[in-house]
Structures are given as structure tokens and as C-alpha cells.
Amino acid sequence: SGLVTVLDALDAALFGGPPADAPRARPVRPAQPLPHPGEAGAGCGEPEADVGFEVTYLLDAADEAIPALRERLDALGDSLVVVGGDGLWHIHIHTDQAGPAVEAGIAAGRPHRVRITALVPAVPPPTGSPEAGPAHGRAVVAVLPGPGLAGLCAEAGATTLTVRPGERPGGGELAAAIAGTRAREVVLLPNDKELWHAAAAAAEQARVAGARVAVIPTRSPVQGIAALAVHTPERRFDEDVVAMTSAAGATRFGEVSVAERQAWTMAGVCQRGDVLGLVDGDVVVIGGELPEVAGQVLERMLAGGGELVTLVLGADAPAGLAEGLTERLRQGHLGVDTVVCAGQQSAPLLIGVE
């Protein structure tokens, strides 16, 4: 097929191709029953007309190659997103021509991390089933890195999509989560800056289906928690979105993690095993002891003021970490309230300051 051909071409362009005697990979096809002869869409080897693909990849390409790439991709499908700069671009498109979409990237530069996902059209639920019936009012969909936070947000009224660290969902999965709420109005909290483009594509897909969707650009789960805290379904949709966006934007977020390899950071060179303290996504502290680094990060975040601190403990957080930080706040920051919850994400500690 065209998809196999282009993937082989991509493999050859990037890695020199598979060995001559290697078995030929088969393309992944959507799990759809084959039509009987004579039925619509039963053409020889032709896909059903309403089944397409979500194609995403990173692209190393010169800036001057992007206008021609946009024009070429725009003719292949919709929900096109081309963002980036300085030689690195993120490409997203919905199309029934996955092969040519990747070939366009090959013509422009060097695509990598190519992902092709079948977009299976939604099948209306049978009449009388629990899912059938008219769409209801408003829902909030939150993407979260662990069951602990998912439970907390579900109690606050959100529909949660739990993902493993490092395995971010694509636009199709986010669109399915939005559609699954059966709500007329949906607020989407991606809680990760790397999900913004997929979230925007999912929102556009849901709007085509008739839903009203707003994406709040939350960069961390603690910003999503802050947005949920002011969510009021009884308000007008626009007012609710503004209030949630304001709450998320007013929340500084920090993280304490362990370096997996040597790397350059804003705070200098870190070695594998070093404890890293991040504020608003940038490394600001490199240390050896997790409680001490966490304390330094907390002090930096509170230097500009704050009334509420949220501590989200990961599965690898050392015993007594929350108690030590709470006591530190009690002694040095009178009037600052503290909320502690278990998140079970990969980072030992997430911090939010409002």
C-alpha cells in the first residue's frame, strides 16, 4: 500500500532501510469489519471514505522550507498544525492520505517520531442504551499523570484521562475523551505544554461535531487543580473559562525530579542521579538531597508571595517530605495554607503556589 511504501522510504531515508531479508511490516488498519461485495466502500483495497488518519511527526527543516510544506499539507487534509522554529517543527494533520503527508515532510527535511493513528468514525450508540440520548450541559476533561491525581480531579467533577509519564495521548485520543462526555460545552485541561497542539486539534475535531470546546493552556497538573477549584457549571461558559484560565495562570508550578543523564540546564551541568528543582519549567536548583532541593524550590516560589501551597507527592517521594515542607512553611511563612495529596506521577514532588 501507499502507507507501507512511504514508511519504507522514510526508513531508508533516515536509517538506510531494513535488511534485504527482513520481513515486510504490515500497516496497522482500523478495526473495522470488511464490507460484503456490493456494499458501499467494498472497492478492491480502497479504504472507507470517512475513515482517515491522524499523522504527527517532528521535523528538522529550515524555516524557509515551511511555507511550501504548509501549502502541500493543506491540500491533503484538515486540522493542520505546523508550529516550531529554529529548525525544529511539530506537524499534525488529519488526512486520508497518510503516505503523502509523511512524504511532504521528507521533501522538506528530516521527519522523526512519526505517528500514524487511524481515526475511526464514531458509531452512534444503539437506541435505548445508557449512552444514547441528547448531549448534556458542561464537562471538564483533565489529562493527568497518575491515578492519585485522577481521583482527586474526578471528585471535583472532571472527566479524567490518565496517562503514563512519557506516553502522551494523541489528538484522536483526546477527541474521543471529549466526545465521551456527551456534553454540549467542554473545557479541556491538557496539564502539559507538550499536549497543547494535540489538544487544539482535538478541540477543532469536537467543534466540527457540534460541541463548544475551550482549551485552557495548563502546563502542569497543579495548574489544572487550580482551574478546577474555581470551575462553576452554573456560570456562563465564557465566564467559567475566563475564571479557570485566570486561576491557572496565577498558579506558579514547581517540580523536584532526579536527572536521568548528564545535561546542560539553566542552573548549570547536571549529572545522572542529581536532584533537580524546576520552577515554571526551568531548572533553578541542582543538588544532592531531595528534601533540601524541595525546600529551596519552595522558597524561590514564595519569594513573590503566595497564599496557598499545593504539594503533590509522587510514588518515589521520601518518607516525611510533606511533613518537613509543611513545618518549614509554618515557621517561615505565616498565613500560607498547605494542601498535600498523592499523585503517583513519575516526579517525586510537584508544587503549586497560588
# chains A, B, ... in the order shown; residues from 1 in each chain; ligands from 1
>>> select_by_dssp(residues="segment 71-197 of chain A", states="strand (DSSP E)", output="MDAnalysis selection string")
chainID A and resid 77:85 88:95 110:119 136:144 159:162 183:189
>>> residues_around(residues="Ala226 of chain A", least_positions_apart="3", cutoff="8 Å", atoms="only C-alpha atoms", output="mmCIF file with all heavy atoms, in the first residue's frame")
data_model
loop_
_atom_site.group_PDB
_atom_site.id
_atom_site.type_symbol
_atom_site.label_atom_id
_atom_site.label_comp_id
_atom_site.auth_asym_id
_atom_site.auth_seq_id
_atom_site.Cartn_x
_atom_site.Cartn_y
_atom_site.Cartn_z
ATOM 1 N N VAL A 222 -0.803 20.887 38.660
ATOM 2 C CA VAL A 222 -1.212 21.781 39.750
ATOM 3 C C VAL A 222 -1.970 22.986 39.202
ATOM 4 O O VAL A 222 -2.844 23.537 39.891
ATOM 5 C CB VAL A 222 -0.005 22.235 40.592
ATOM 6 C CG1 VAL A 222 0.591 21.063 41.359
ATOM 7 C CG2 VAL A 222 1.055 22.917 39.744
ATOM 8 N N GLN A 223 -1.680 23.398 37.978
ATOM 9 C CA GLN A 223 -2.471 24.462 37.367
ATOM 10 C C GLN A 223 -3.868 23.952 37.021
ATOM 11 O O GLN A 223 -4.851 24.698 37.140
ATOM 12 C CB GLN A 223 -1.775 24.986 36.108
ATOM 13 C CG GLN A 223 -0.531 25.807 36.385
ATOM 14 C CD GLN A 223 0.027 26.455 35.143
ATOM 15 O OE1 GLN A 223 0.068 25.841 34.069
ATOM 16 N NE2 GLN A 223 0.470 27.694 35.263
ATOM 17 N N ALA A 229 -10.666 24.201 40.825
ATOM 18 C CA ALA A 229 -11.151 24.730 42.100
ATOM 19 C C ALA A 229 -12.139 25.869 41.913
ATOM 20 O O ALA A 229 -12.986 26.115 42.784
ATOM 21 C CB ALA A 229 -9.976 25.188 42.960
ATOM 22 N N VAL A 230 -12.057 26.585 40.783
ATOM 23 C CA VAL A 230 -12.975 27.722 40.559
ATOM 24 C C VAL A 230 -14.017 27.397 39.497
ATOM 25 O O VAL A 230 -14.814 28.271 39.129
ATOM 26 C CB VAL A 230 -12.181 28.984 40.161
ATOM 27 C CG1 VAL A 230 -11.207 29.377 41.255
ATOM 28 C CG2 VAL A 230 -11.440 28.788 38.843
ATOM 29 N N MET A 244 -11.385 30.043 35.086
ATOM 30 C CA MET A 244 -10.468 28.913 35.177
ATOM 31 C C MET A 244 -9.096 29.256 34.583
ATOM 32 O O MET A 244 -8.054 28.882 35.136
ATOM 33 C CB MET A 244 -11.071 27.698 34.457
ATOM 34 C CG MET A 244 -12.343 27.168 35.098
ATOM 35 S SD MET A 244 -13.100 25.799 34.170
ATOM 36 C CE MET A 244 -11.946 24.463 34.527
ATOM 37 N N ALA A 247 -7.264 31.481 37.102
ATOM 38 C CA ALA A 247 -6.746 30.717 38.247
ATOM 39 C C ALA A 247 -5.516 29.907 37.858
ATOM 40 O O ALA A 247 -4.538 29.838 38.609
ATOM 41 C CB ALA A 247 -7.841 29.802 38.791
ATOM 42 N N ALA A 248 -5.549 29.299 36.676
ATOM 43 C CA ALA A 248 -4.392 28.522 36.221
ATOM 44 C C ALA A 248 -3.185 29.423 35.991
ATOM 45 O O ALA A 248 -2.057 29.094 36.376
ATOM 46 C CB ALA A 248 -4.741 27.767 34.939
ATOM 47 N N THR A 251 -1.175 30.520 39.057
ATOM 48 C CA THR A 251 -0.540 29.443 39.823
ATOM 49 C C THR A 251 0.852 29.155 39.276
ATOM 50 O O THR A 251 1.000 28.700 38.145
ATOM 51 C CB THR A 251 -1.393 28.167 39.766
ATOM 52 O OG1 THR A 251 -2.704 28.443 40.272
ATOM 53 C CG2 THR A 251 -0.763 27.057 40.585
#
>>> closest_residue(among="A:Ala202, A:Ala322, A:Thr159, A:Gly87", to="Arg110 of chain A", atoms="only C-alpha atoms")
A:Gly87
>>> closest_residue(among="A:Gly77, A:Gly305, A:Gly287, A:Pro348", to="Cys270 of chain A", atoms="only C-alpha atoms")
A:Gly287
>>> select_by_dssp(residues="segment 93-212 of chain A", states="alpha helix (DSSP H)", output="PyMOL selection string")
chain A and resi 98-108+147-155+171-180+196-208
>>> residues_around(residues="Val140 of chain A", least_positions_apart="4", cutoff="8 Å", atoms="only C-alpha atoms", output="PDB file with N, CA and C atoms, in the first residue's frame")
ATOM      1  N   GLY A 157     -15.305  16.850  39.909  1.00  0.00           N
ATOM      2  CA  GLY A 157     -16.267  16.882  38.816  1.00  0.00           C
ATOM      3  C   GLY A 157     -15.681  16.754  37.428  1.00  0.00           C
ATOM      4  N   ALA A 158     -14.389  16.430  37.305  1.00  0.00           N
ATOM      5  CA  ALA A 158     -13.765  16.343  35.984  1.00  0.00           C
ATOM      6  C   ALA A 158     -13.832  14.925  35.438  1.00  0.00           C
ATOM      7  N   THR A 159     -13.876  14.823  34.128  1.00  0.00           N
ATOM      8  CA  THR A 159     -13.654  13.561  33.439  1.00  0.00           C
ATOM      9  C   THR A 159     -12.161  13.443  33.207  1.00  0.00           C
ATOM     10  N   VAL A 186     -17.415  21.859  26.646  1.00  0.00           N
ATOM     11  CA  VAL A 186     -16.319  21.093  27.248  1.00  0.00           C
ATOM     12  C   VAL A 186     -15.120  22.011  27.460  1.00  0.00           C
ATOM     13  N   VAL A 187     -14.542  21.919  28.651  1.00  0.00           N
ATOM     14  CA  VAL A 187     -13.285  22.596  28.952  1.00  0.00           C
ATOM     15  C   VAL A 187     -12.204  21.518  29.023  1.00  0.00           C
ATOM     16  N   LEU A 188     -11.130  21.688  28.251  1.00  0.00           N
ATOM     17  CA  LEU A 188     -10.052  20.704  28.200  1.00  0.00           C
ATOM     18  C   LEU A 188      -8.829  21.250  28.919  1.00  0.00           C
ATOM     19  N   LEU A 189      -8.315  20.477  29.890  1.00  0.00           N
ATOM     20  CA  LEU A 189      -7.113  20.840  30.643  1.00  0.00           C
ATOM     21  C   LEU A 189      -6.004  19.864  30.265  1.00  0.00           C
TER      22      LEU A 189
END
>>> atom_distance(atom1="atom CA of Val285 of chain A", atom2="atom CA of Gly324 of chain A")
18.6 Å
>>> closest_residue(among="A:Val215, A:Pro221, A:Ala250, A:Ala108", to="Ala150 of chain A", atoms="only C-alpha atoms")
A:Pro221
>>> atom_distance(atom1="atom CA of Arg236 of chain A", atom2="atom CA of Val213 of chain A")
13.3 Å
>>> atom_distance(atom1="atom CA of Val283 of chain A", atom2="atom CA of Ala267 of chain A")
5.9 Å
>>> closest_residue(among="A:His197, A:Arg252, A:Arg207, A:Arg113", to="Ser220 of chain A", atoms="only C-alpha atoms")
A:Arg252
>>> closest_residue(among="A:Val55, A:Ala243, A:Leu334, A:Leu329", to="Ile91 of chain A", atoms="only C-alpha atoms")
A:Val55
>>> residues_around(residues="Trp89 of chain A", least_positions_apart="6", cutoff="12 Å", atoms="only C-alpha atoms", output="count of residues only")
23
>>> residues_around(residues="segment 317-319 of chain A", least_positions_apart="5", cutoff="9 Å", atoms="only C-alpha atoms", output="number ranges by chain")
A: 290-291, 347-349
